[in-house]
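Chemist: So that you have it, the file is upload_11.cif, and it contains mmCIF, C-alpha atoms; chains and numbers go by the auth columns:
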data_query
loop_
_atom_site.group_PDB
_atom_site.id
_atom_site.type_symbol
_atom_site.label_atom_id
_atom_site.label_comp_id
_atom_site.label_asym_id
_atom_site.label_seq_id
_atom_site.Cartn_x
_atom_site.Cartn_y
_atom_site.Cartn_z
_atom_site.B_iso_or_equiv
_atom_site.auth_seq_id
_atom_site.auth_asym_id
ATOM 1 C CA MET A 1 0.000 0.000 0.000 0.00 20 A
ATOM 2 C CA ASN A 2 1.684 3.232 -1.139 0.00 21 A
ATOM 3 C CA VAL A 3 0.584 6.436 0.534 0.00 22 A
ATOM 4 C CA GLY A 4 2.935 9.325 -0.134 0.00 23 A
ATOM 5 C CA VAL A 5 2.951 13.075 0.315 0.00 24 A
ATOM 6 C CA ASP A 6 3.891 15.697 -2.269 0.00 25 A
ATOM 7 C CA GLY A 7 4.430 19.367 -1.434 0.00 26 A
ATOM 8 C CA VAL A 8 5.092 20.233 2.205 0.00 27 A
ATOM 9 C CA LYS A 9 5.407 24.020 1.801 0.00 28 A
ATOM 10 C CA ASP A 10 2.833 25.909 3.896 0.00 29 A
ATOM 11 C CA ASN A 11 1.397 22.611 5.101 0.00 30 A
ATOM 12 C CA THR A 12 -0.023 21.819 1.656 0.00 31 A
ATOM 13 C CA TYR A 13 0.293 18.476 -0.026 0.00 32 A
ATOM 14 C CA THR A 14 -1.407 15.997 -2.303 0.00 33 A
ATOM 15 C CA LEU A 15 -1.761 12.341 -1.523 0.00 34 A
ATOM 16 C CA LYS A 16 -0.429 9.741 -3.922 0.00 35 A
ATOM 17 C CA TRP A 17 -2.557 6.623 -3.811 0.00 36 A
ATOM 18 C CA CYS A 18 -1.855 3.203 -5.199 0.00 37 A
ATOM 19 C CA ASN A 19 -4.742 2.396 -7.562 0.00 38 A
ATOM 20 C CA ASN A 20 -4.273 -1.337 -7.569 0.00 39 A
ATOM 21 C CA ARG A 21 -7.593 -2.817 -6.455 0.00 40 A
ATOM 22 C CA GLY A 22 -5.683 -5.526 -4.642 0.00 41 A
ATOM 23 C CA HIS A 23 -4.888 -2.926 -2.010 0.00 42 A
ATOM 24 C CA TYR A 24 -8.525 -2.371 -1.070 0.00 43 A
ATOM 25 C CA LYS A 25 -8.279 -4.646 1.980 0.00 44 A
ATOM 26 C CA THR A 26 -5.151 -2.875 3.130 0.00 45 A
ATOM 27 C CA LEU A 27 -6.815 0.530 2.931 0.00 46 A
ATOM 28 C CA LYS A 28 -9.857 -0.794 4.771 0.00 47 A
ATOM 29 C CA ALA A 29 -7.625 -2.215 7.490 0.00 48 A
ATOM 30 C CA LEU A 30 -5.900 1.173 7.708 0.00 49 A
ATOM 31 C CA CYS A 31 -9.209 2.891 8.366 0.00 50 A
ATOM 32 C CA LYS A 32 -10.371 0.257 10.836 0.00 51 A
ATOM 33 C CA ASN A 33 -7.134 0.723 12.796 0.00 52 A
ATOM 34 C CA ASP A 34 -7.327 4.533 13.075 0.00 53 A
ATOM 35 C CA GLY A 35 -4.948 5.273 10.206 0.00 54 A
ATOM 36 C CA TYR A 36 -2.283 2.679 11.014 0.00 55 A
ATOM 37 C CA TYR A 37 -1.619 -0.694 9.400 0.00 56 A
ATOM 38 C CA ARG A 38 1.118 -3.309 9.675 0.00 57 A
ATOM 39 C CA SER A 39 1.127 -6.132 7.128 0.00 58 A
ATOM 40 C CA GLY A 40 1.979 -9.727 7.872 0.00 59 A
ATOM 41 C CA LYS A 41 5.410 -9.053 6.318 0.00 60 A
ATOM 42 C CA GLY A 42 6.028 -6.171 8.684 0.00 61 A
ATOM 43 C CA VAL A 43 5.380 -3.357 6.192 0.00 62 A
ATOM 44 C CA VAL A 44 3.966 -0.337 8.069 0.00 63 A
ATOM 45 C CA VAL A 45 1.584 2.243 6.651 0.00 64 A
ATOM 46 C CA ASP A 46 0.892 5.177 9.004 0.00 65 A
ATOM 47 C CA LEU A 47 -1.317 7.798 7.380 0.00 66 A
ATOM 48 C CA ASN A 48 -1.319 9.978 10.508 0.00 67 A
ATOM 49 C CA TYR A 49 2.463 10.184 10.510 0.00 68 A
ATOM 50 C CA THR A 50 2.486 10.829 6.767 0.00 69 A
ATOM 51 C CA LEU A 51 0.115 13.768 7.221 0.00 70 A
ATOM 52 C CA SER A 52 2.337 15.029 10.066 0.00 71 A
ATOM 53 C CA GLN A 53 5.428 15.302 7.877 0.00 72 A
ATOM 54 C CA PRO A 54 5.129 19.052 7.112 0.00 73 A
ATOM 55 C CA MET A 55 5.094 19.852 10.838 0.00 74 A
ATOM 56 C CA TYR A 56 7.844 17.380 11.710 0.00 75 A
ATOM 57 C CA LYS A 57 10.127 18.812 9.021 0.00 76 A
ATOM 58 C CA ARG A 58 9.743 22.279 10.493 0.00 77 A
ATOM 59 C CA MET A 59 10.173 21.322 14.137 0.00 78 A
ATOM 60 C CA ASN A 60 12.744 18.508 14.023 0.00 79 A
ATOM 61 C CA ASP A 61 15.957 20.546 14.254 0.00 80 A
ATOM 62 C CA VAL A 62 14.859 22.627 17.233 0.00 81 A
ATOM 63 C CA PHE A 63 13.062 19.724 18.899 0.00 82 A
ATOM 64 C CA LEU A 64 16.002 17.320 18.703 0.00 83 A
ATOM 65 C CA GLU A 65 18.451 19.987 19.870 0.00 84 A
ATOM 66 C CA MET A 66 16.259 20.819 22.852 0.00 85 A
ATOM 67 C CA PHE A 67 16.143 17.176 23.950 0.00 86 A
ATOM 68 C CA ARG A 68 19.809 16.347 23.376 0.00 87 A
ATOM 69 C CA THR A 69 21.351 14.330 26.196 0.00 88 A
ATOM 70 C CA GLY A 70 24.621 16.282 26.025 0.00 89 A
ATOM 71 C CA GLY A 71 25.428 19.744 27.293 0.00 90 A
ATOM 72 C CA SER A 72 24.055 21.820 24.440 0.00 91 A
ATOM 73 C CA ARG A 73 23.278 25.359 25.596 0.00 92 A
ATOM 74 C CA ILE A 74 19.668 25.200 24.454 0.00 93 A
ATOM 75 C CA SER A 75 19.010 21.643 25.607 0.00 94 A
ATOM 76 C CA ILE A 76 16.967 20.934 28.721 0.00 95 A
ATOM 77 C CA ASN A 77 19.668 18.634 30.083 0.00 96 A
ATOM 78 C CA GLY A 78 22.344 21.238 29.428 0.00 97 A
ATOM 79 C CA CYS A 79 20.371 23.785 31.415 0.00 98 A
ATOM 80 C CA LEU A 80 19.921 21.339 34.291 0.00 99 A
ATOM 81 C CA ALA A 81 23.652 20.581 34.288 0.00 100 A
ATOM 82 C CA ARG A 82 24.503 24.296 34.520 0.00 101 A
ATOM 83 C CA PHE A 83 21.990 24.712 37.318 0.00 102 A
ATOM 84 C CA GLN A 84 23.671 21.878 39.186 0.00 103 A
ATOM 85 C CA GLU A 85 27.094 23.506 38.837 0.00 104 A
ATOM 86 C CA ASN A 86 25.861 26.999 39.695 0.00 105 A
ATOM 87 C CA PHE A 87 23.925 25.803 42.729 0.00 106 A
ATOM 88 C CA ILE A 88 27.110 24.658 44.454 0.00 107 A
ATOM 89 C CA LYS A 89 30.273 25.824 42.725 0.00 108 A
ATOM 90 C CA GLU A 90 33.393 23.692 42.637 0.00 109 A
ATOM 91 C CA ASP A 91 35.329 26.532 44.327 0.00 110 A
ATOM 92 C CA ASP A 92 32.995 26.316 47.343 0.00 111 A
ATOM 93 C CA LEU A 93 33.698 22.606 47.697 0.00 112 A
ATOM 94 C CA ILE A 94 37.451 23.062 47.426 0.00 113 A
ATOM 95 C CA TYR A 95 37.465 25.933 49.934 0.00 114 A
ATOM 96 C CA ASN A 96 35.314 24.169 52.547 0.00 115 A
ATOM 97 C CA ARG A 97 37.159 20.880 52.160 0.00 116 A
ATOM 98 C CA THR A 98 40.092 22.402 54.067 0.00 117 A
ATOM 99 C CA LYS A 99 38.360 25.176 56.039 0.00 118 A
ATOM 100 C CA ASN A 100 35.191 23.556 57.340 0.00 119 A
ATOM 101 C CA LYS A 101 34.847 19.785 57.097 0.00 120 A
ATOM 102 C CA GLU A 102 31.237 19.680 58.381 0.00 121 A
ATOM 103 C CA LYS A 103 30.093 22.269 55.873 0.00 122 A
ATOM 104 C CA TYR A 104 31.987 20.473 53.127 0.00 123 A
ATOM 105 C CA LEU A 105 30.210 17.182 53.891 0.00 124 A
ATOM 106 C CA ARG A 106 26.820 18.907 53.769 0.00 125 A
ATOM 107 C CA LEU A 107 27.669 20.469 50.428 0.00 126 A
ATOM 108 C CA VAL A 108 28.781 17.091 49.078 0.00 127 A
ATOM 109 C CA TYR A 109 25.511 15.566 50.259 0.00 128 A
ATOM 110 C CA ILE A 110 23.455 18.264 48.535 0.00 129 A
ATOM 111 C CA ARG A 111 25.426 17.929 45.297 0.00 130 A
ATOM 112 C CA THR A 112 24.969 14.138 45.413 0.00 131 A
ATOM 113 C CA GLU A 113 21.223 14.633 45.767 0.00 132 A
ATOM 114 C CA GLN A 114 21.316 17.050 42.842 0.00 133 A
ATOM 115 C CA ARG A 115 23.008 14.463 40.651 0.00 134 A
ATOM 116 C CA LYS A 116 20.495 11.809 41.641 0.00 135 A
ATOM 117 C CA LEU A 117 17.664 14.207 40.819 0.00 136 A
ATOM 118 C CA HIS A 118 19.280 15.067 37.472 0.00 137 A
ATOM 119 C CA ARG A 119 19.553 11.375 36.523 0.00 138 A
ATOM 120 C CA ASN A 120 15.925 10.757 37.444 0.00 139 A
ATOM 121 C CA LEU A 121 14.795 13.812 35.510 0.00 140 A
ATOM 122 C CA GLU A 122 16.765 12.667 32.459 0.00 141 A
ATOM 123 C CA LYS A 123 14.754 9.433 32.425 0.00 142 A
ATOM 124 C CA LYS A 124 11.472 11.315 32.772 0.00 143 A
ATOM 125 C CA ILE A 125 12.464 13.787 30.052 0.00 144 A
ATOM 126 C CA LEU A 126 13.185 10.945 27.628 0.00 145 A
ATOM 127 C CA LYS A 127 9.722 9.501 28.233 0.00 146 A
ATOM 128 C CA ARG A 128 8.094 12.896 27.811 0.00 147 A
ATOM 129 C CA LYS A 129 10.125 13.491 24.636 0.00 148 A
ATOM 130 C CA LYS A 130 8.446 10.546 22.929 0.00 149 A
ATOM 131 C CA LEU A 131 5.020 11.633 24.189 0.00 150 A
ATOM 132 C CA ILE A 132 5.500 15.204 22.942 0.00 151 A
ATOM 133 C CA TYR A 133 6.851 14.091 19.570 0.00 152 A
ATOM 134 C CA ASN A 134 4.001 11.653 18.987 0.00 153 A
ATOM 135 C CA SER A 135 1.402 14.214 20.046 0.00 154 A
ATOM 136 C CA VAL A 136 1.502 15.736 16.547 0.00 155 A
ATOM 137 C CA SER A 137 0.445 12.576 14.709 0.00 156 A
ATOM 138 C CA ASP A 138 -1.856 11.606 17.609 0.00 157 A
ATOM 139 C CA SER A 139 -3.722 14.897 17.221 0.00 158 A
ATOM 140 C CA ILE A 140 -4.098 14.336 13.474 0.00 159 A
ATOM 141 C CA ARG A 141 -5.390 10.826 14.174 0.00 160 A
ATOM 142 C CA ASP A 142 -8.029 12.301 16.509 0.00 161 A
ATOM 143 C CA THR A 143 -9.095 14.800 13.832 0.00 162 A
ATOM 144 C CA MET A 144 -9.341 12.072 11.196 0.00 163 A
ATOM 145 C CA MET A 145 -11.089 9.549 13.456 0.00 164 A
ATOM 146 C CA PRO A 146 -14.674 10.267 12.282 0.00 165 A
ATOM 147 C CA THR A 147 -13.547 9.852 8.664 0.00 166 A
ATOM 148 C CA TYR A 148 -11.740 6.605 9.447 0.00 167 A
ATOM 149 C CA GLU A 149 -14.909 5.273 11.043 0.00 168 A
ATOM 150 C CA GLU A 150 -17.002 6.239 8.001 0.00 169 A
ATOM 151 C CA CYS A 151 -14.489 4.718 5.592 0.00 170 A
ATOM 152 C CA ALA A 152 -14.366 1.488 7.546 0.00 171 A
ATOM 153 C CA ALA A 153 -18.062 1.001 6.732 0.00 172 A
ATOM 154 C CA ILE A 154 -17.662 1.515 2.958 0.00 173 A
ATOM 155 C CA HIS A 155 -17.969 -1.554 0.760 0.00 174 A
ATOM 156 C CA GLY A 156 -19.392 -2.641 -2.578 0.00 175 A
ATOM 157 C CA LYS A 157 -18.802 -1.350 -6.089 0.00 176 A
ATOM 158 C CA ASP A 158 -15.988 1.214 -6.521 0.00 177 A
ATOM 159 C CA ALA A 159 -15.259 0.969 -2.789 0.00 178 A
ATOM 160 C CA LEU A 160 -11.515 1.641 -3.248 0.00 179 A
ATOM 161 C CA LEU A 161 -12.171 4.850 -5.181 0.00 180 A
ATOM 162 C CA LYS A 162 -14.772 5.964 -2.632 0.00 181 A
ATOM 163 C CA LEU A 163 -12.337 5.351 0.224 0.00 182 A
ATOM 164 C CA GLN A 164 -9.630 7.406 -1.443 0.00 183 A
ATOM 165 C CA GLU A 165 -11.966 10.259 -2.338 0.00 184 A
ATOM 166 C CA LYS A 166 -13.480 10.419 1.149 0.00 185 A
ATOM 167 C CA LEU A 167 -10.100 10.415 2.868 0.00 186 A
ATOM 168 C CA GLU A 168 -8.623 13.050 0.582 0.00 187 A
ATOM 169 C CA SER A 169 -11.731 15.241 0.873 0.00 188 A
ATOM 170 C CA ALA A 170 -11.581 15.090 4.673 0.00 189 A
ATOM 171 C CA ILE A 171 -7.884 15.971 4.656 0.00 190 A
ATOM 172 C CA VAL A 172 -8.368 18.990 2.381 0.00 191 A
ATOM 173 C CA LYS A 173 -11.328 20.306 4.399 0.00 192 A
ATOM 174 C CA SER A 174 -9.736 19.904 7.808 0.00 193 A
ATOM 175 C CA LYS A 175 -6.038 20.515 7.100 0.00 194 A
ATOM 176 C CA ASN A 176 -5.887 24.017 8.620 0.00 195 A
ATOM 177 C CA GLY A 177 -7.750 23.052 11.778 0.00 196 A
ATOM 178 C CA MET A 178 -5.810 19.798 11.893 0.00 197 A
ATOM 179 C CA PHE A 179 -2.470 21.571 12.155 0.00 198 A
ATOM 180 C CA ARG A 180 -3.775 24.147 14.630 0.00 199 A
ATOM 181 C CA GLU A 181 -4.978 21.380 16.918 0.00 200 A
ATOM 182 C CA SER A 182 -1.634 19.591 16.583 0.00 201 A
ATOM 183 C CA MET A 183 0.190 22.752 17.597 0.00 202 A
ATOM 184 C CA LYS A 184 -2.105 23.233 20.584 0.00 203 A
ATOM 185 C CA LYS A 185 -1.525 19.680 21.718 0.00 204 A
ATOM 186 C CA ILE A 186 2.264 19.886 21.492 0.00 205 A
ATOM 187 C CA LEU A 187 2.253 23.176 23.436 0.00 206 A
ATOM 188 C CA VAL A 188 0.129 21.581 26.160 0.00 207 A
ATOM 189 C CA GLU A 189 2.603 18.697 26.410 0.00 208 A
ATOM 190 C CA PHE A 190 5.524 21.136 26.660 0.00 209 A
ATOM 191 C CA SER A 191 3.695 23.103 29.340 0.00 210 A
ATOM 192 C CA ASP A 192 3.089 19.917 31.336 0.00 211 A
ATOM 193 C CA LEU A 193 6.797 19.079 31.121 0.00 212 A
ATOM 194 C CA GLN A 194 7.735 22.569 32.311 0.00 213 A
ATOM 195 C CA LYS A 195 5.446 22.327 35.325 0.00 214 A
ATOM 196 C CA TYR A 196 6.722 18.856 36.144 0.00 215 A
ATOM 197 C CA LEU A 197 10.388 19.928 36.069 0.00 216 A
ATOM 198 C CA VAL A 198 9.793 23.001 38.214 0.00 217 A
ATOM 199 C CA THR A 199 7.792 21.030 40.787 0.00 218 A
ATOM 200 C CA GLU A 200 10.334 18.194 40.993 0.00 219 A
ATOM 201 C CA ILE A 201 13.330 20.511 41.337 0.00 220 A
ATOM 202 C CA LYS A 202 11.674 22.648 43.990 0.00 221 A
ATOM 203 C CA THR A 203 10.361 19.694 45.971 0.00 222 A
ATOM 204 C CA GLN A 204 13.466 17.486 45.854 0.00 223 A
ATOM 205 C CA MET A 205 16.031 20.230 46.419 0.00 224 A
ATOM 206 C CA THR A 206 14.039 21.799 49.260 0.00 225 A
ATOM 207 C CA THR A 207 13.896 18.398 50.945 0.00 226 A
ATOM 208 C CA SER A 208 17.644 17.850 50.460 0.00 227 A
ATOM 209 C CA LEU A 209 18.497 21.281 51.846 0.00 228 A
ATOM 210 C CA ARG A 210 16.320 20.768 54.901 0.00 229 A
ATOM 211 C CA LEU A 211 17.900 17.394 55.641 0.00 230 A
ATOM 212 C CA ALA A 212 21.378 18.881 55.367 0.00 231 A
ATOM 213 C CA LEU A 213 20.576 21.965 57.439 0.00 232 A
ATOM 214 C CA ASN A 214 18.654 20.187 60.185 0.00 233 A
ATOM 215 C CA GLN A 215 21.757 18.273 61.147 0.00 234 A
ATOM 216 C CA ILE A 216 23.534 21.561 61.959 0.00 235 A
ATOM 217 C CA PRO A 217 20.768 24.120 62.587 0.00 236 A
ATOM 218 C CA GLU A 218 23.142 26.600 64.228 0.00 237 A
ATOM 219 C CA ASP A 219 25.296 26.829 61.100 0.00 238 A
ATOM 220 C CA LEU A 220 23.304 28.192 58.178 0.00 239 A
ATOM 221 C CA THR A 221 26.028 30.158 56.430 0.00 240 A
ATOM 222 C CA GLY A 222 27.589 29.002 53.205 0.00 241 A
ATOM 223 C CA LEU A 223 24.613 26.967 52.020 0.00 242 A
ATOM 224 C CA PRO A 224 22.522 28.214 49.085 0.00 243 A
ATOM 225 C CA ASP A 225 18.945 29.419 49.335 0.00 244 A
ATOM 226 C CA VAL A 226 16.789 27.269 47.098 0.00 245 A
ATOM 227 C CA SER A 227 14.234 29.951 46.171 0.00 246 A
ATOM 228 C CA GLU A 228 16.946 32.348 45.037 0.00 247 A
ATOM 229 C CA GLU A 229 18.680 29.661 42.977 0.00 248 A
ATOM 230 C CA MET A 230 15.398 28.706 41.348 0.00 249 A
ATOM 231 C CA GLU A 231 15.010 32.318 40.197 0.00 250 A
ATOM 232 C CA THR A 232 18.581 32.232 38.896 0.00 251 A
ATOM 233 C CA MET A 233 17.798 29.106 36.900 0.00 252 A
ATOM 234 C CA LYS A 234 14.673 30.718 35.449 0.00 253 A
ATOM 235 C CA ARG A 235 16.624 33.777 34.319 0.00 254 A
ATOM 236 C CA SER A 236 19.319 31.566 32.842 0.00 255 A
ATOM 237 C CA CYS A 237 16.767 29.568 30.845 0.00 256 A
ATOM 238 C CA ASP A 238 15.109 32.747 29.591 0.00 257 A
ATOM 239 C CA SER A 239 18.405 34.220 28.458 0.00 258 A
ATOM 240 C CA LEU A 240 19.113 31.033 26.482 0.00 259 A
ATOM 241 C CA GLY A 241 15.681 31.100 24.888 0.00 260 A
ATOM 242 C CA LEU A 242 14.830 27.824 26.645 0.00 261 A
ATOM 243 C CA LYS A 243 11.250 28.242 27.875 0.00 262 A
ATOM 244 C CA ILE A 244 11.350 25.709 30.689 0.00 263 A
ATOM 245 C CA PHE A 245 9.680 28.098 33.138 0.00 264 A
#
Written as structure tokens, how would this file's structure read?

Modeler:
Amino acid sequence: MNVGVDGVKDNTYTLKWCNNRGHYKTLKALCKNDGYYRSGKGVVVDLNYTLSQPMYKRMNDVFLEMFRTGGSRISINGCLARFQENFIKEDDLIYNRTKNKEKYLRLVYIRTEQRKLHRNLEKKILKRKKLIYNSVSDSIRDTMMPTYEECAAIHGKDALLKLQEKLESAIVKSKNGMFRESMKKILVEFSDLQKYLVTEIKTQMTTSLRLALNQIPEDLTGLPDVSEEMETMKRSCDSLGLKIF
């Protein structure tokens, strides 16, 4: 079953259908399975993903850079790594290692908790990355769902032609709204990720600071204030154009 896309400029395209009547069952199966079909030989046809190609081509570079696992300046993980270093600077550790052993041990504990939090967040970010990326084609699937259901009920004479015409007509009529809804959905997913990161960082680091400070309540100097550092991280993200907050 060949379903291709021509012309991705300005989210416009024409579908290229295979006119071999032997593919009627495949197209029907595609509609019955919400736009997705895998043959017995493992060949995959995903109409939702095909329709998503114009958006994916525009967003891929920025999206992949933002979710890089390395220390890219605009990546989420890069921002978290800089926050970790700025929260407790290496110079503070070196200084307190010789000047104040108790304070040094508390700083080491806090940094260890930071690293544990960073590793856990990396795992969560990877899961959210897939969810956000798929939200584009998922939104298109939701828009096309009524048409898929109608097409699944088509049968009889000229059924293949009717299926193709109905699908293409629905795509042309709904393409503008389809892409708007996809954009809304991806922005909602990004917003959810932002809120999750902020909540986790605030909660986990506040807990770690309290545990460290409660062991030496009379000595509060030299340890960072979590609310101030959170504001620093927000400003840093904004300056990098990384809208995490």

Chemist: Between atom CA of A:Thr88 and atom CA of A:Lys148, what is the distance in Å, rounded to a tenth?

Modeler: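 That distance, rounded to one decimal, is 11.4 Å.
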
Chemist: Applied to the shown file, which residues does the PyMOL selection byres ((chain A and resi 182-191) around 8) return, written as a list in words?

Modeler: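 Checked against the file, the PyMOL selection byres ((chain A and resi 182-191) around 8) matches Leu34, Trp36, Leu46, Met163, Thr166, Tyr167, Cys170, Ile173, Ala178, Leu179, Leu180, Lys181, Lys192, Ser193 and Lys194 of chain A.
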
Chemist: How about saving the chosen residues, C-alpha atoms kept, as a PDB file, keeping the file's coordinate frame?

Modeler:
ATOM      1  CA  LEU A  34      -1.761  12.341  -1.523  1.00  0.00           C
ATOM      2  CA  TRP A  36      -2.557   6.623  -3.811  1.00  0.00           C
ATOM      3  CA  LEU A  46      -6.815   0.530   2.931  1.00  0.00           C
ATOM      4  CA  MET A 163      -9.341  12.072  11.196  1.00  0.00           C
ATOM      5  CA  THR A 166     -13.547   9.852   8.664  1.00  0.00           C
ATOM      6  CA  TYR A 167     -11.740   6.605   9.447  1.00  0.00           C
ATOM      7  CA  CYS A 170     -14.489   4.718   5.592  1.00  0.00           C
ATOM      8  CA  ILE A 173     -17.662   1.515   2.958  1.00  0.00           C
ATOM      9  CA  ALA A 178     -15.259   0.969  -2.789  1.00  0.00           C
ATOM     10  CA  LEU A 179     -11.515   1.641  -3.248  1.00  0.00           C
ATOM     11  CA  LEU A 180     -12.171   4.850  -5.181  1.00  0.00           C
ATOM     12  CA  LYS A 181     -14.772   5.964  -2.632  1.00  0.00           C
ATOM     13  CA  LYS A 192     -11.328  20.306   4.399  1.00  0.00           C
ATOM     14  CA  SER A 193      -9.736  19.904   7.808  1.00  0.00           C
ATOM     15  CA  LYS A 194      -6.038  20.515   7.100  1.00  0.00           C
TER      16      LYS A 194
END

Chemist: Just how far from atom CA of A:Gln133 is atom CA of A:Lys214, in Å to one decimal?

Modeler: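 So the two atoms, atom CA of A:Lys214 and atom CA of A:Gln133, lie 18.3 Å apart.
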
Chemist: Do a neighbour search on A:Ser201 at 10 Å with all atoms listed in the file, toss out local chain neighbours closer than 4 positions, and write the hits as a list in words.

Modeler: Ser71, Met74, Ser154, Val155, Ser156, Asp157, Ser158, Ile159, Arg160, Asp161, Thr162, Gly196, Met197, Ile205, Leu206 and Val207 of chain A

Chemist: Hey, can you check how far atom CA of A:Phe209 sits from atom CA of A:Asp53?

Modeler: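 Atom CA of A:Asp53 lies at a distance of 25.0 Å from atom CA of A:Phe209.
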